Amino acid sequence: MAKPRVDMEVGTDGVAVITLSNPPVNALAVPILAGLKEKYDEAMRRNDVKAIVVAGEGGRFSGGFDINVFGKVHQTGDISRLPDVSVDLLVNTIEDGKKPSVAAIQGLALGGGLELTLACHARISAPKAQLGLPELTLGVIPGFGGTQRLPRLVGLQKAIEMMLLSKSITSDEGFKLGLIDAIVSPDELLKVSRLWALVIAERRKPWLRSLHKTDKLGSLYEAQEILKASRQQAKKTARNMPQHQACLDVIEAGILRGGYDGLLKETKVLHELVQSDTSKGLVHVFFAQRLASKVPGITDVGLRPQHMKKVAIIGGGLMGSGIATALILNNIYVILKEINSEYLLKGIKTIEGNVRGLVTRGELAQDRAKKALSMLKGVLDYSEFKDVDMVIEAVVENVSLKQTIFSDIEKACPPHCILATNTSTIDINIVGERTSSQDRVVGAHFFSPAHIMPLLEIVRTEKTSPQVILDLMTMGKTIKKVPVAVGNCTGFAVNRTFFPYTQSANILVHLGVDLFRIDGVITNFGLNVGPFQLQDLAGYAVELATDKEFSGAFSGRNFVSPLLELLIKSGRNGKINGRGYYVYEKGSKPKPDPSVLPIVEESRRLTNIMPGGKPINVSDEEILEMVFFPVVNEACRVLDDGIVVRASDLDIASVLGMSFPSCRGGIIFWADTVGPSYIHRCLKRWSDLYGNFFTPSRFLEERATKGIPLSAPASTSSASRSRL
């Protein structure tokens, strides 16, 4: 790999072109920033240099500051690893320098890359370049002056939107906002930028220092009203995310006391946030997602992916229609098979509704929607399967039905065709046991709704070929999913890890804790819904079927109660019929249903596990721990069994598949933050009080006793070799 470097070339016109080179996105690594300072100092000294143009090599300006530096700060605790360039380089050297600078932008200018352009005196861009400040997604704020300069260039409201939502814009939109001074073709970019820089040097265009601008900030009253509304919105949408309020505080400081004071506060707050648990968790998730794409024996053995052109889906229900939507939106032809015309029409209408919904929300252009729907064909038999590259079975969780389908598709499909099942819990070996092509059988576990949820769990058996795994991973990336390769077992990685989630919540309810309080504790922690509302959304039949699978596979580790049967008997089925633990009415948020409490009380009476017949007294923190520590315990078993390649794969899968709060870093990262020994002690105490459900796993006990983090790599065992 080429070393990061900064080059400078001075033309006969007196313009020094400084070029950043650090493939693939010209990240602002520490050597790049040092090289930039060195070249700028040289350009300022040289008498033959009148003006400066800053550009990026390879069709991209810069993807921003090198995030690896954040990782090193988190590992070492050494904040001095963060380069202090905001004032010295961007203000003193570039913005207040005696020679003007113009940024020549193409491809992207994100994070620190955009902030570098903001310190320049003009910005010229190629069309459709991506501009944004996404730092808040990493638990920090812009640290190279973005909190001060962006509001002064695009206006306060738009700048806050771009920063707090990490929402990028195109250079074309940037031109309309005043962020970009001119849009030119890539071929003309350097030429126009050089001329622009010279014209500024000759004072024929204004020499604008964006840090000094105030005209777009509005009156103090207007600014404070915008900030107040933004704070209220952030409290609703960014709970447990301190960087949002901190960013608004820093913006306000610059408005009240001036841009330079705002810069100083920005640096101070950045240093505080970088060392926060939130930043540590979010940076870990960032790297975990990238690491998941590296699978030993799959991505490192020289295999070339075969791209999918046509995929058949069996079953047009909620999952099948969602998968079909994801595929056609990304230019993959879909054959949708159903058992009769009624079901087929319903599936096609669901897909059309999914696509129309994206158009209505402004996320998809009308012409793209029309093209996507033209790539869908509905059928009632296997005659169209003769040239498909993959089949995804997405029918109900019925073992014999799935086995019959796999026998049929093996005969109907070409010999290269991948045979995939979207089962969420059933062992893949059982699903495909009647087929002779075991090397082509694989799990493609999407999460609902499949066209929105980002995780694709790729489940391999001992016989699944590496080529099949690679091809499925490639397809996952094509349809904008994050593929995570896992081993085969009941529930695979995510659902197996989280099967104690609703069970531990049920135990708490039967120990006398209010179910709505439990849901509230969990949502305050950062999940979208609590365990009881989750049961409502999934439907009780799904929950009972899942419980049956896990009870058979992991007997002795499950809690049995009659609660769901009692709910069904009373005519409740969650969101499906509008009544469950909550009441669901169109156009309004779910409301707790007090009339469910007598049913809960009856289940408590029948189960009879309350000590002395009286409800236990627990704090909110204890509720959180009693719900999630059993999940951590099962995650330890998943690690011990070698179901995932590495602990961080389980972290990213828990975030993307179960909406575990990303600011917590994923289930294993969070557990290591809490402390394995503390988790072990709690589980041991609860197992003595409430039974075997809480018994610590061997893996957790060993790690807690030896003081080893749960995320530390395990020694290779026969189990891990067989799974992956």
# chains A, B, ... in the order shown; residues from 1 in each chain; ligands from 1
$ select_by_dssp --residues "stretch 514-695 of chain A" --states "strand (DSSP E or B)" --output "list of chain:residue names"
A:Gly574, A:Arg579, A:Tyr582, A:Val583, A:Lys591, A:Pro592, A:Val644
$ residues_around --residues "A:Val583" --least-positions-apart "4" --cutoff "7 Å" --atoms "only C-alpha atoms" --output "ChimeraX atom specification"
/A:578-579,590-593
$ write_last_selection --atoms "all heavy atoms" --output "tab-separated table (two decimals), in the first residue's frame"
chain	number	residue	atom	x	y	z
A	578	GLY	N	-54.55	-5.37	16.77
A	578	GLY	CA	-54.71	-4.09	17.48
A	578	GLY	C	-54.74	-4.18	18.98
A	578	GLY	O	-54.82	-3.15	19.67
A	579	ARG	N	-54.67	-5.41	19.54
A	579	ARG	CA	-54.73	-5.56	21.00
A	579	ARG	C	-53.70	-6.56	21.48
A	579	ARG	O	-53.64	-7.71	21.01
A	579	ARG	CB	-56.13	-6.04	21.43
A	579	ARG	CG	-57.22	-5.03	21.22
A	579	ARG	CD	-58.55	-5.55	21.73
A	579	ARG	NE	-58.56	-5.67	23.19
A	579	ARG	CZ	-59.07	-6.71	23.85
A	579	ARG	NH1	-59.58	-7.73	23.19
A	579	ARG	NH2	-59.07	-6.72	25.17
A	590	PRO	N	-48.75	3.43	20.01
A	590	PRO	CA	-49.27	2.37	20.89
A	590	PRO	C	-49.44	2.88	22.32
A	590	PRO	O	-48.60	3.62	22.82
A	590	PRO	CB	-48.19	1.29	20.81
A	590	PRO	CG	-47.44	1.57	19.56
A	590	PRO	CD	-47.49	3.05	19.36
A	591	LYS	N	-50.53	2.47	22.96
A	591	LYS	CA	-50.79	2.89	24.33
A	591	LYS	C	-50.87	1.67	25.24
A	591	LYS	O	-51.49	0.66	24.88
A	591	LYS	CB	-52.11	3.66	24.40
A	591	LYS	CG	-52.11	4.95	23.59
A	591	LYS	CD	-53.50	5.54	23.54
A	591	LYS	CE	-53.54	6.75	22.61
A	591	LYS	NZ	-54.91	7.22	22.39
A	592	PRO	N	-50.24	1.73	26.41
A	592	PRO	CA	-50.36	0.62	27.36
A	592	PRO	C	-51.83	0.31	27.64
A	592	PRO	O	-52.64	1.22	27.81
A	592	PRO	CB	-49.64	1.14	28.61
A	592	PRO	CG	-48.71	2.18	28.11
A	592	PRO	CD	-49.40	2.82	26.94
A	593	ASP	N	-52.16	-0.98	27.66
A	593	ASP	CA	-53.55	-1.40	27.88
A	593	ASP	C	-53.70	-1.94	29.31
A	593	ASP	O	-53.29	-3.07	29.60
A	593	ASP	CB	-53.93	-2.48	26.87
A	593	ASP	CG	-55.39	-2.86	26.95
A	593	ASP	OD1	-56.11	-2.30	27.80
A	593	ASP	OD2	-55.83	-3.72	26.16
$ closest_residue --among "A:Ser374, A:Ser80, A:Ser101, A:Gln467" --to "A:Ile200" --atoms "only C-alpha atoms"
A:Ser101
$ closest_residue --among "A:Ser687, A:Thr490, A:Ala712, A:Ala541" --to "A:Val638" --atoms "only C-alpha atoms"
A:Thr490
$ select_by_dssp --residues "stretch 606-644 of chain A" --states "alpha helix (DSSP H)" --output "MDAnalysis selection string"
chainID A and resid 606:607 620:640
$ closest_residue --among "A:Lys309, A:Lys377, A:Lys191, A:Arg231" --to "A:Met475" --atoms "only C-alpha atoms"
A:Lys309
$ residues_around --residues "A:Trp207" --least-positions-apart "4" --cutoff "8 Å" --atoms "only C-alpha atoms" --output "PDB file with C-alpha atoms, in the first residue's frame"
ATOM      1  CA  PRO A 100      -5.322  32.962  -0.841  1.00  0.00           C
ATOM      2  CA  HIS A 121     -11.174  31.399   0.638  1.00  0.00           C
ATOM      3  CA  ILE A 200      -8.570  36.539  -5.398  1.00  0.00           C
ATOM      4  CA  ALA A 201      -4.844  37.266  -5.049  1.00  0.00           C
ATOM      5  CA  ARG A 203      -8.263  41.408  -5.359  1.00  0.00           C
TER       6      ARG A 203
END
$ residues_around --residues "stretch 665-671 of chain A" --least-positions-apart "5" --cutoff "7 Å" --atoms "only C-alpha atoms" --output "count of residues only"
14
$ atom_distance --atom1 "atom CA of A:Val25" --atom2 "atom CA of A:Gly63"
5.1 Å
$ atom_distance --atom1 "atom CA of A:Phe554" --atom2 "atom CA of A:Glu433"
21.3 Å
